[in-house]
$ cat model.csv   # CSV, C-alpha atoms
chain,number,residue,atom,x,y,z
D,23,MET,CA,0.0,0.0,0.0
D,24,SER,CA,1.4,3.4,-1.0
D,25,LYS,CA,2.0,6.2,1.4
D,26,GLU,CA,-0.7,8.3,-0.4
D,27,LYS,CA,-3.3,5.6,0.0
D,28,THR,CA,-2.5,5.0,3.6
D,29,MET,CA,-2.9,8.7,4.3
D,30,GLN,CA,-6.4,8.7,2.9
D,31,LEU,CA,-7.3,5.9,5.3
D,32,ARG,CA,-7.1,8.3,8.3
D,33,LYS,CA,-9.7,10.5,6.6
D,34,GLN,CA,-12.0,7.5,5.9
D,35,VAL,CA,-11.8,6.2,9.5
D,36,ALA,CA,-12.2,9.7,11.1
D,37,PRO,CA,-16.1,9.5,11.2
D,38,PHE,CA,-15.8,6.6,13.7
D,39,GLU,CA,-13.8,8.6,16.2
D,40,LYS,CA,-16.8,9.4,18.2
D,41,SER,CA,-17.8,7.8,21.5
D,42,ASN,CA,-21.5,6.9,22.1
D,43,THR,CA,-22.4,7.4,25.7
D,44,SER,CA,-25.2,4.9,25.6
D,45,ALA,CA,-23.0,2.2,24.0
D,46,SER,CA,-20.3,2.9,26.6
D,47,ILE,CA,-22.7,2.6,29.5
D,48,MET,CA,-24.1,-0.6,28.0
D,49,GLN,CA,-20.6,-2.0,27.7
D,50,ILE,CA,-19.9,-1.3,31.4
D,51,ILE,CA,-23.2,-3.0,32.4
D,52,ASN,CA,-22.5,-6.1,30.3
D,53,THR,CA,-18.9,-6.4,31.5
D,54,ILE,CA,-18.3,-5.3,35.1
D,55,PRO,CA,-21.3,-6.8,36.9
D,56,PRO,CA,-21.0,-10.2,35.1
D,57,PHE,CA,-17.4,-10.3,36.3
D,58,PHE,CA,-18.4,-9.9,39.9
D,59,ILE,CA,-21.2,-12.4,39.5
D,60,LEU,CA,-18.8,-15.0,38.0
D,61,TRP,CA,-16.4,-14.3,40.9
D,62,TYR,CA,-19.2,-14.9,43.4
D,63,LEU,CA,-20.3,-18.1,41.7
D,64,ALA,CA,-16.7,-19.3,41.6
D,65,TYR,CA,-16.6,-18.8,45.4
D,66,LEU,CA,-19.8,-20.7,46.0
D,67,SER,CA,-18.6,-23.5,43.7
D,68,LEU,CA,-15.7,-24.3,46.1
D,69,ASP,CA,-18.2,-26.4,48.1
D,70,VAL,CA,-19.0,-28.4,44.9
D,71,SER,CA,-15.7,-28.8,43.1
D,72,ILE,CA,-12.4,-26.9,42.8
D,73,PHE,CA,-12.4,-27.8,39.1
D,74,LEU,CA,-15.7,-26.0,38.7
D,75,THR,CA,-14.2,-23.1,40.6
D,76,ILE,CA,-11.2,-22.9,38.3
D,77,ALA,CA,-13.5,-23.2,35.2
D,78,LEU,CA,-15.6,-20.3,36.4
D,79,ALA,CA,-12.5,-18.3,37.2
D,80,VAL,CA,-11.2,-18.9,33.7
D,81,VAL,CA,-14.5,-17.5,32.3
D,82,ALA,CA,-14.2,-14.6,34.6
D,83,SER,CA,-10.7,-13.9,33.3
D,84,GLY,CA,-12.2,-13.3,29.9
D,85,PHE,CA,-14.3,-10.5,31.5
D,86,ILE,CA,-11.1,-9.0,33.1
D,87,VAL,CA,-9.7,-8.8,29.6
D,88,ARG,CA,-12.8,-7.0,28.5
D,89,ILE,CA,-12.6,-4.7,31.5
D,90,PHE,CA,-9.0,-4.0,30.4
D,91,ILE,CA,-10.2,-3.0,27.0
D,92,ILE,CA,-12.5,-0.4,28.6
D,93,PHE,CA,-9.5,0.8,30.6
D,94,HIS,CA,-7.5,0.9,27.4
D,95,ASP,CA,-10.1,3.0,25.7
D,96,CYS,CA,-10.2,5.4,28.6
D,97,THR,CA,-6.4,6.0,28.3
D,98,HIS,CA,-7.0,7.0,24.7
D,99,GLY,CA,-9.9,9.3,25.7
D,100,SER,CA,-12.2,7.3,23.4
D,101,PHE,CA,-14.6,5.7,25.8
D,102,PHE,CA,-16.4,8.8,26.9
D,103,LYS,CA,-16.4,12.3,25.5
D,104,SER,CA,-15.6,13.7,29.0
D,105,LYS,CA,-11.9,13.6,29.9
D,106,LYS,CA,-12.8,13.5,33.6
D,107,ALA,CA,-15.2,10.5,33.0
D,108,ASN,CA,-12.4,8.7,31.2
D,109,SER,CA,-10.0,9.4,34.0
D,110,ILE,CA,-12.4,8.2,36.7
D,111,LEU,CA,-13.5,5.0,34.9
D,112,GLY,CA,-9.9,4.4,33.9
D,113,THR,CA,-8.7,4.5,37.5
D,114,ILE,CA,-11.5,2.2,38.6
D,115,THR,CA,-10.8,-0.3,35.9
D,116,GLY,CA,-7.1,0.1,36.6
D,117,ILE,CA,-7.7,-1.1,40.2
D,118,LEU,CA,-9.7,-4.1,38.9
D,119,THR,CA,-7.0,-5.0,36.3
D,120,LEU,CA,-4.0,-4.0,38.4
D,121,PHE,CA,-2.8,-1.4,35.9
D,122,ALA,CA,-1.7,2.1,36.9
D,123,TYR,CA,-3.9,4.4,34.7
D,124,GLU,CA,-1.8,7.5,34.2
D,125,LYS,CA,1.4,5.6,34.0
D,126,TRP,CA,0.1,3.1,31.4
D,127,LYS,CA,-1.6,6.0,29.5
D,128,ARG,CA,1.7,7.7,29.0
D,129,ASP,CA,3.6,4.5,28.1
D,130,HIS,CA,0.9,3.4,25.7
D,131,SER,CA,0.8,6.7,23.9
D,132,ILE,CA,4.6,6.3,23.4
D,133,HIS,CA,4.0,2.9,22.0
D,134,HIS,CA,1.5,4.3,19.5
D,135,ALA,CA,3.9,7.1,18.5
D,136,THR,CA,6.8,4.7,18.0
D,137,SER,CA,5.3,1.4,17.0
D,138,SER,CA,7.5,-0.4,14.4
D,139,ASN,CA,10.2,2.3,14.6
D,140,LEU,CA,13.5,0.5,15.0
D,141,ASP,CA,15.2,3.6,16.4
D,142,LYS,CA,12.6,4.2,19.1
D,143,ARG,CA,12.1,0.9,20.7
D,144,GLY,CA,11.8,0.2,24.4
D,145,THR,CA,8.7,1.8,25.8
D,146,GLY,CA,5.3,0.1,25.9
D,147,ASP,CA,6.3,-2.6,23.4
D,148,VAL,CA,7.7,-6.2,23.2
D,149,TRP,CA,11.5,-6.4,23.1
D,150,VAL,CA,12.5,-7.0,19.5
D,151,MET,CA,16.1,-7.4,18.3
D,152,THR,CA,17.2,-7.4,14.7
D,153,VAL,CA,19.3,-10.2,13.3
D,154,ASP,CA,22.4,-7.9,13.1
D,155,GLU,CA,21.9,-6.6,16.7
D,156,TYR,CA,21.6,-10.2,18.0
D,157,ILE,CA,24.8,-11.3,16.1
D,158,GLU,CA,26.7,-8.4,17.4
D,159,ALA,CA,25.4,-8.7,21.0
D,160,THR,CA,27.4,-10.1,23.9
D,161,PRO,CA,26.7,-13.7,24.9
D,162,GLY,CA,25.0,-12.4,28.1
D,163,ARG,CA,22.7,-10.1,26.2
D,164,ARG,CA,21.8,-12.9,23.8
D,165,PHE,CA,21.0,-15.1,26.7
D,166,ALA,CA,18.8,-12.4,28.2
D,167,TYR,CA,16.9,-12.0,25.0
D,168,ARG,CA,16.4,-15.7,24.4
D,169,LEU,CA,15.1,-16.0,28.0
D,170,TYR,CA,12.8,-13.0,27.5
D,171,ARG,CA,11.4,-14.5,24.3
D,172,ASN,CA,10.9,-17.9,25.8
D,173,PRO,CA,7.1,-18.6,25.9
D,174,LEU,CA,7.2,-19.8,29.5
D,175,VAL,CA,8.8,-16.6,30.6
D,176,MET,CA,6.9,-14.2,28.4
D,177,PHE,CA,3.4,-15.7,29.0
D,178,GLY,CA,4.0,-17.4,32.3
D,179,LEU,CA,6.1,-15.0,34.3
D,180,GLY,CA,5.2,-11.9,32.2
D,181,PRO,CA,1.9,-11.3,33.9
D,182,LEU,CA,3.5,-11.5,37.4
D,183,PHE,CA,6.1,-8.9,36.3
D,184,LEU,CA,3.4,-6.6,35.0
D,185,TYR,CA,1.2,-6.9,38.1
D,186,LEU,CA,3.9,-6.8,40.8
D,187,VAL,CA,6.6,-4.6,39.3
D,188,SER,CA,6.0,-2.7,36.1
D,189,ASN,CA,2.6,-1.4,37.1
D,190,ARG,CA,3.4,-0.7,40.8
D,191,PHE,CA,6.3,1.7,40.4
D,192,ASN,CA,6.5,5.1,38.7
D,193,ARG,CA,9.1,6.1,36.1
D,194,LYS,CA,11.8,8.4,37.4
D,195,ASP,CA,10.6,11.3,35.2
D,196,ALA,CA,6.9,10.8,36.1
D,197,ARG,CA,5.0,14.0,37.0
D,198,LYS,CA,3.0,14.5,40.2
D,199,LYS,CA,-0.4,13.6,38.7
D,200,GLU,CA,1.0,10.3,37.4
D,201,ARG,CA,2.8,9.5,40.6
D,202,ASN,CA,-0.3,10.2,42.8
D,203,ASN,CA,-2.5,8.1,40.5
D,204,THR,CA,-0.1,5.2,40.8
D,205,TYR,CA,0.0,5.6,44.6
D,206,PHE,CA,-3.8,5.8,44.8
D,207,ILE,CA,-4.3,2.7,42.7
D,208,ASN,CA,-1.7,0.7,44.7
D,209,VAL,CA,-3.4,1.6,48.0
D,210,ALA,CA,-6.8,0.9,46.6
D,211,ILE,CA,-5.7,-2.6,45.4
D,212,VAL,CA,-4.2,-3.4,48.8
D,213,ALA,CA,-7.4,-2.3,50.6
D,214,LEU,CA,-9.7,-4.2,48.1
D,215,TYR,CA,-7.6,-7.4,48.4
D,216,ALA,CA,-7.4,-7.1,52.2
D,217,PHE,CA,-11.2,-6.8,52.3
D,218,MET,CA,-11.7,-9.7,50.0
D,219,ILE,CA,-9.3,-12.0,51.9
D,220,TRP,CA,-11.2,-11.0,55.2
D,221,LEU,CA,-14.5,-11.8,53.4
D,222,VAL,CA,-13.8,-15.1,51.7
D,223,GLY,CA,-10.5,-16.3,53.3
D,224,ILE,CA,-7.0,-16.3,51.8
D,225,GLN,CA,-7.2,-19.7,50.3
D,226,ALA,CA,-10.4,-19.1,48.3
D,227,PHE,CA,-9.2,-15.7,47.3
D,228,ALA,CA,-5.8,-17.1,46.1
D,229,ILE,CA,-7.4,-19.8,44.1
D,230,ILE,CA,-10.0,-17.6,42.4
D,231,GLN,CA,-8.2,-14.3,41.9
D,232,GLY,CA,-4.9,-16.0,41.2
D,233,THR,CA,-6.4,-18.0,38.4
D,234,ILE,CA,-8.2,-15.0,37.0
D,235,LEU,CA,-5.1,-12.8,36.9
D,236,ILE,CA,-2.7,-15.4,35.5
D,237,VAL,CA,-5.1,-16.5,32.7
D,238,ALA,CA,-6.1,-12.9,31.8
D,239,GLY,CA,-2.5,-11.7,32.0
D,240,SER,CA,-1.2,-14.4,29.8
D,241,PHE,CA,-3.9,-14.0,27.2
D,242,GLY,CA,-3.5,-10.2,27.3
D,243,ILE,CA,0.2,-10.4,26.6
D,244,TRP,CA,-0.5,-13.0,23.9
D,245,LEU,CA,-2.9,-10.6,22.2
D,246,PHE,CA,-0.4,-7.7,22.3
D,247,TYR,CA,2.4,-10.0,21.1
D,248,VAL,CA,0.7,-11.5,18.0
D,249,GLN,CA,-0.8,-8.2,16.9
D,250,HIS,CA,2.7,-6.9,16.1
D,251,GLN,CA,4.8,-10.1,15.8
D,252,PHE,CA,3.7,-11.6,12.5
D,253,GLU,CA,5.9,-12.8,9.7
D,254,ASP,CA,5.8,-9.8,7.3
D,255,SER,CA,5.2,-7.1,9.9
D,256,TYR,CA,6.4,-3.6,9.2
D,257,PHE,CA,9.5,-2.2,10.8
D,258,GLU,CA,11.7,0.7,9.6
D,259,ASP,CA,14.4,3.0,10.8
D,260,GLU,CA,13.4,6.5,11.8
D,261,ASP,CA,14.3,8.1,8.4
D,262,GLN,CA,12.0,5.7,6.6
D,263,TRP,CA,9.3,5.2,9.2
D,264,ASP,CA,5.7,6.3,8.6
D,265,TYR,CA,3.0,6.4,11.2
D,266,VAL,CA,0.2,5.3,8.9
D,267,LYS,CA,2.1,2.5,7.3
D,268,ALA,CA,3.2,1.4,10.8
D,269,ALA,CA,-0.5,1.3,11.8
D,270,VAL,CA,-1.8,-0.6,8.8
D,271,ASP,CA,1.2,-2.8,7.9
D,272,GLY,CA,2.7,-3.2,11.3
D,273,SER,CA,-0.5,-4.2,13.1
D,274,SER,CA,-2.5,-7.3,12.3
D,275,PHE,CA,-6.2,-8.1,12.0
D,276,TYR,CA,-6.6,-10.9,14.5
D,277,LYS,CA,-9.7,-12.7,13.3
D,278,LEU,CA,-11.2,-14.4,16.4
D,279,PRO,CA,-14.3,-16.5,17.0
D,280,LYS,CA,-17.2,-14.2,17.9
D,281,VAL,CA,-17.1,-15.1,21.6
D,282,LEU,CA,-13.5,-14.2,21.9
D,283,GLN,CA,-13.9,-11.1,19.7
D,284,TRP,CA,-16.6,-9.9,22.2
D,285,LEU,CA,-14.5,-10.7,25.3
D,286,THR,CA,-11.5,-8.9,23.8
D,287,GLY,CA,-13.5,-5.9,22.9
D,288,ASN,CA,-12.7,-6.1,19.1
D,289,ILE,CA,-9.0,-5.4,19.8
D,290,GLY,CA,-8.3,-7.9,17.1
D,291,TYR,CA,-9.0,-5.1,14.7
D,292,HIS,CA,-5.6,-3.8,15.8
D,293,HIS,CA,-4.8,-2.2,12.5
D,294,VAL,CA,-7.8,0.0,12.8
D,295,HIS,CA,-7.0,0.9,16.4
D,296,HIS,CA,-3.4,1.9,15.6
D,297,LEU,CA,-4.6,3.9,12.6
D,298,SER,CA,-7.0,5.8,14.7
D,299,PRO,CA,-6.8,5.3,18.5
D,300,ARG,CA,-9.8,7.6,19.1
D,301,VAL,CA,-12.2,5.0,17.7
D,302,PRO,CA,-13.9,3.3,20.6
D,303,ASN,CA,-13.6,-0.5,20.7
D,304,TYR,CA,-17.3,-1.0,19.9
D,305,LEU,CA,-16.9,0.8,16.6
D,306,LEU,CA,-13.6,-0.9,15.4
D,307,GLU,CA,-15.4,-3.6,13.5
D,308,GLN,CA,-17.7,-1.1,11.8
D,309,ALA,CA,-14.8,1.1,10.9
D,310,HIS,CA,-13.0,-1.9,9.3
D,311,GLU,CA,-16.0,-3.1,7.4
D,312,SER,CA,-16.7,0.4,6.1
D,313,THR,CA,-13.2,0.9,4.8
D,314,PRO,CA,-12.4,-1.6,1.9
D,315,PRO,CA,-8.6,-0.9,1.8
D,316,LEU,CA,-8.4,-2.1,5.4
D,317,HIS,CA,-9.6,-5.5,4.3
D,318,LYS,CA,-6.2,-6.1,2.8
D,319,ALA,CA,-4.5,-5.9,6.2
D,320,THR,CA,-2.6,-9.0,7.3
D,321,THR,CA,-5.1,-11.4,8.7
D,322,ILE,CA,-4.2,-14.0,11.3
D,323,THR,CA,-6.4,-16.6,13.0
D,324,LEU,CA,-6.1,-18.6,16.2
D,325,LYS,CA,-4.4,-21.3,14.2
D,326,THR,CA,-2.0,-19.2,12.2
D,327,SER,CA,-1.2,-17.0,15.1
D,328,LEU,CA,0.6,-19.9,16.8
D,329,GLN,CA,3.3,-19.6,14.2
D,330,SER,CA,4.3,-16.3,15.8
D,331,ILE,CA,5.9,-18.2,18.7
D,332,HIS,CA,8.8,-19.0,16.4
D,333,PHE,CA,9.3,-15.4,15.3
D,334,ARG,CA,12.2,-14.2,17.4
D,335,LEU,CA,14.3,-11.8,15.4
D,336,TYR,CA,13.5,-9.2,12.8
D,337,ASP,CA,15.6,-9.5,9.5
D,338,GLU,CA,15.9,-6.0,8.1
D,339,THR,CA,17.2,-7.3,4.8
D,340,LYS,CA,14.3,-9.7,4.2
D,341,LYS,CA,11.7,-7.5,6.0
D,342,THR,CA,10.4,-10.5,8.0
D,343,PHE,CA,10.7,-12.2,11.3
D,344,VAL,CA,12.9,-15.3,11.6
D,345,SER,CA,13.6,-17.9,14.2
D,346,PHE,CA,16.9,-18.4,16.2
D,347,ASN,CA,17.6,-21.6,14.2
D,348,GLU,CA,17.4,-19.7,10.9
D,349,ILE,CA,20.4,-17.5,11.8
D,350,LYS,CA,22.6,-20.2,13.4
D,351,HIS,CA,24.9,-20.3,10.4
D,352,LEU,CA,25.4,-16.5,10.7
D,353,LEU,CA,26.5,-17.0,14.4
D,354,ASN,CA,28.8,-19.8,13.4
D,355,ASP,CA,30.4,-17.7,10.6
D,356,THR,CA,30.9,-14.8,13.1
D,357,LYS,CA,32.4,-17.1,15.6
D,358,THR,CA,34.8,-18.6,13.0
D,359,SER,CA,35.7,-15.1,11.8
D,360,MET,CA,36.6,-14.0,15.3
D,361,GLN,CA,38.7,-17.1,15.9
D,362,MET,CA,40.6,-16.4,12.8
D,363,GLN,CA,41.2,-12.8,13.7
D,364,THR,CA,42.4,-13.9,17.1
D,365,LYS,CA,44.7,-16.4,15.6
D,366,ARG,CA,46.2,-13.9,13.2
D,367,SER,CA,46.7,-11.4,16.0
D,368,SER,CA,48.5,-14.1,18.0
D,369,ILE,CA,50.8,-14.9,15.1
D,370,GLN,CA,51.6,-11.3,14.4
D,371,GLU,CA,52.5,-10.8,18.1
D,372,LYS,CA,55.0,-13.7,17.9
$ encode --input "model.csv" --output "structure tokens"
Amino acid sequence: MSKEKTMQLRKQVAPFEKSNTSASIMQIINTIPPFFILWYLAYLSLDVSIFLTIALAVVASGFIVRIFIIFHDCTHGSFFKSKKANSILGTITGILTLFAYEKWKRDHSIHHATSSNLDKRGTGDVWVMTVDEYIEATPGRRFAYRLYRNPLVMFGLGPLFLYLVSNRFNRKDARKKERNNTYFINVAIVALYAFMIWLVGIQAFAIIQGTILIVAGSFGIWLFYVQHQFEDSYFEDEDQWDYVKAAVDGSSFYKLPKVLQWLTGNIGYHHVHHLSPRVPNYLLEQAHESTPPLHKATTITLKTSLQSIHFRLYDETKKTFVSFNEIKHLLNDTKTSMQMQTKRSSIQEK
């Protein structure tokens, strides 16, 4: 898609950049109360079967993902027309999802402004190294990167890192409003969890809430990962980078079954979201369907998205993701070259 055509897309999607108060309130009603109902049912089911409890907690985790999408829209100022309403609801949903509203709002805005820009990586995105960077890296840095990209670490320990570390502490350059919001959410979470433990007991709370957070966190990271880590995803250096191309060609259309599409708040239409973050989640599908050029966006399904697990490094020459195995020969060539240089230096010294 040419730069001129992609620029036209922003104009075509612009009419959908309007929140609908009734639709937003309806989404709150069909998302937050059902989550609490499922939580309560999971608690009651402990007297029946722990397996039933875990099953209900897994379903509840889907609603936490949906609550996070509401939180996400609030950070973009797209859920309500009122900035104050977005801030209040964003803080409340931040408490429920364990995300610091103002902090994440800032980090995520940086992600949108720098997505697919190879010269501006590191804030609000998944760590991506290019093939050349990996080959030139020290053994220690390579190990760290391989560990980070390991599915067990990324999707298993990743949620714990987000909940317990990343979302709990402010950045050094955070302003007062951001710091206070993080402090408030942290205190509110501690108070809410203490109350729930007093109410249902620590064992029941750990089983139910632990299952909900781990499952929701893992699935959330997976969503974020596959929507930018697909085979022919767009990545460019600063001098060649283009915002619209990064949105359309660097974000996928994750075509999910209708139930999962509903639970994930249409975030599978990620190309539309990156093109225009002010489109509320409940209008993303309509924006996509009404804009024919967007139908050509890279489409992935549950089945094909599994291939992304093997995409570890970005090859700037081929403009595609590759696995570690695919660049083994390059590492071997580099190792051999270094050994030869060392040998020559040793001979010259003698």
$ closest_residue --input "model.csv" --among "D:Arg171, D:Gly116, D:Ile349, D:Lys103" --to "D:Val150" --atoms "all atoms listed in the file"
D:Arg171
$ residues_around --input "model.csv" --residues "D:Ile89" --least-positions-apart "2" --cutoff "8 Å" --atoms "only C-alpha atoms" --output "ChimeraX atom specification"
/D:53-54,85-87,91-93,115,118-119
$ residues_around --input "model.csv" --residues "D:Glu155" --least-positions-apart "5" --cutoff "12 Å" --atoms "all atoms listed in the file" --output "short mmCIF file (atom, residue, chain, number, x, y, z; two decimals) with C-alpha atoms, keeping the file's coordinate frame"
data_model
loop_
_atom_site.label_atom_id
_atom_site.label_comp_id
_atom_site.auth_asym_id
_atom_site.auth_seq_id
_atom_site.Cartn_x
_atom_site.Cartn_y
_atom_site.Cartn_z
CA LEU D 140 13.50 0.50 15.00
CA VAL D 150 12.50 -7.00 19.50
CA THR D 160 27.40 -10.10 23.90
CA PRO D 161 26.70 -13.70 24.90
CA ARG D 163 22.70 -10.10 26.20
CA ARG D 164 21.80 -12.90 23.80
CA TYR D 167 16.90 -12.00 25.00
CA LEU D 335 14.30 -11.80 15.40
CA TYR D 336 13.50 -9.20 12.80
CA ASP D 337 15.60 -9.50 9.50
CA GLU D 338 15.90 -6.00 8.10
CA LEU D 353 26.50 -17.00 14.40
#
$ residues_around --input "model.csv" --residues "D:Pro314" --least-positions-apart "4" --cutoff "10 Å" --atoms "all atoms listed in the file" --output "ChimeraX atom specification"
/D:31,34,309-310,318-319
$ atom_distance --input "model.csv" --atom1 "atom CA of D:Lys194" --atom2 "atom CA of D:Ile211"
22.2 Å
$ atom_distance --input "model.csv" --atom1 "atom CA of D:Lys142" --atom2 "atom CA of D:Asp154"
16.7 Å
$ residues_around --input "model.csv" --residues "D:Gly290" --least-positions-apart "3" --cutoff "12 Å" --atoms "only C-alpha atoms" --output "ChimeraX atom specification"
/D:91,242,244-250,273-280,282-287,293-296,303-304,306-307,310,319-324,327
$ closest_residue --input "model.csv" --among "D:Ile230, D:Leu74, D:Ile50, D:Leu297" --to "D:Lys267" --atoms "only C-alpha atoms"
D:Leu297
$ residues_near_point --input "model.csv" --point "(-19.4, 6.5, 20.1)" --cutoff "10 Å" --atoms "all atoms listed in the file" --output "list in words"
Pro37, Phe38, Glu39, Lys40, Ser41, Asn42, Thr43, Ser44, Ala45, Ser46, Ser100, Phe101, Phe102, Lys103, Arg300, Val301, Pro302, Asn303, Tyr304 and Leu305 of chain D
$ residues_near_point --input "model.csv" --point "(-7.8, 3.2, 27.4)" --cutoff "9 Å" --atoms "only C-alpha atoms" --output "list in words"
Phe90, Ile91, Ile92, Phe93, His94, Asp95, Cys96, Thr97, His98, Gly99, Ser100, Phe101, Asn108, Gly112, Tyr123, Trp126, Lys127 and His130 of chain D
$ write_last_selection --input "model.csv" --atoms "C-alpha atoms" --output "CSV table (one decimal), in the frame of the given file"
chain,number,residue,atom,x,y,z
D,90,PHE,CA,-9.0,-4.0,30.4
D,91,ILE,CA,-10.2,-3.0,27.0
D,92,ILE,CA,-12.5,-0.4,28.6
D,93,PHE,CA,-9.5,0.8,30.6
D,94,HIS,CA,-7.5,0.9,27.4
D,95,ASP,CA,-10.1,3.0,25.7
D,96,CYS,CA,-10.2,5.4,28.6
D,97,THR,CA,-6.4,6.0,28.3
D,98,HIS,CA,-7.0,7.0,24.7
D,99,GLY,CA,-9.9,9.3,25.7
D,100,SER,CA,-12.2,7.3,23.4
D,101,PHE,CA,-14.6,5.7,25.8
D,108,ASN,CA,-12.4,8.7,31.2
D,112,GLY,CA,-9.9,4.4,33.9
D,123,TYR,CA,-3.9,4.4,34.7
D,126,TRP,CA,0.1,3.1,31.4
D,127,LYS,CA,-1.6,6.0,29.5
D,130,HIS,CA,0.9,3.4,25.7
$ atom_distance --input "model.csv" --atom1 "atom CA of D:Leu179" --atom2 "atom CA of D:Ala82"
20.3 Å
$ closest_residue --input "model.csv" --among "D:Ile219, D:Ile243, D:Val212, D:Ala196" --to "D:Phe183" --atoms "all atoms listed in the file"
D:Ile243
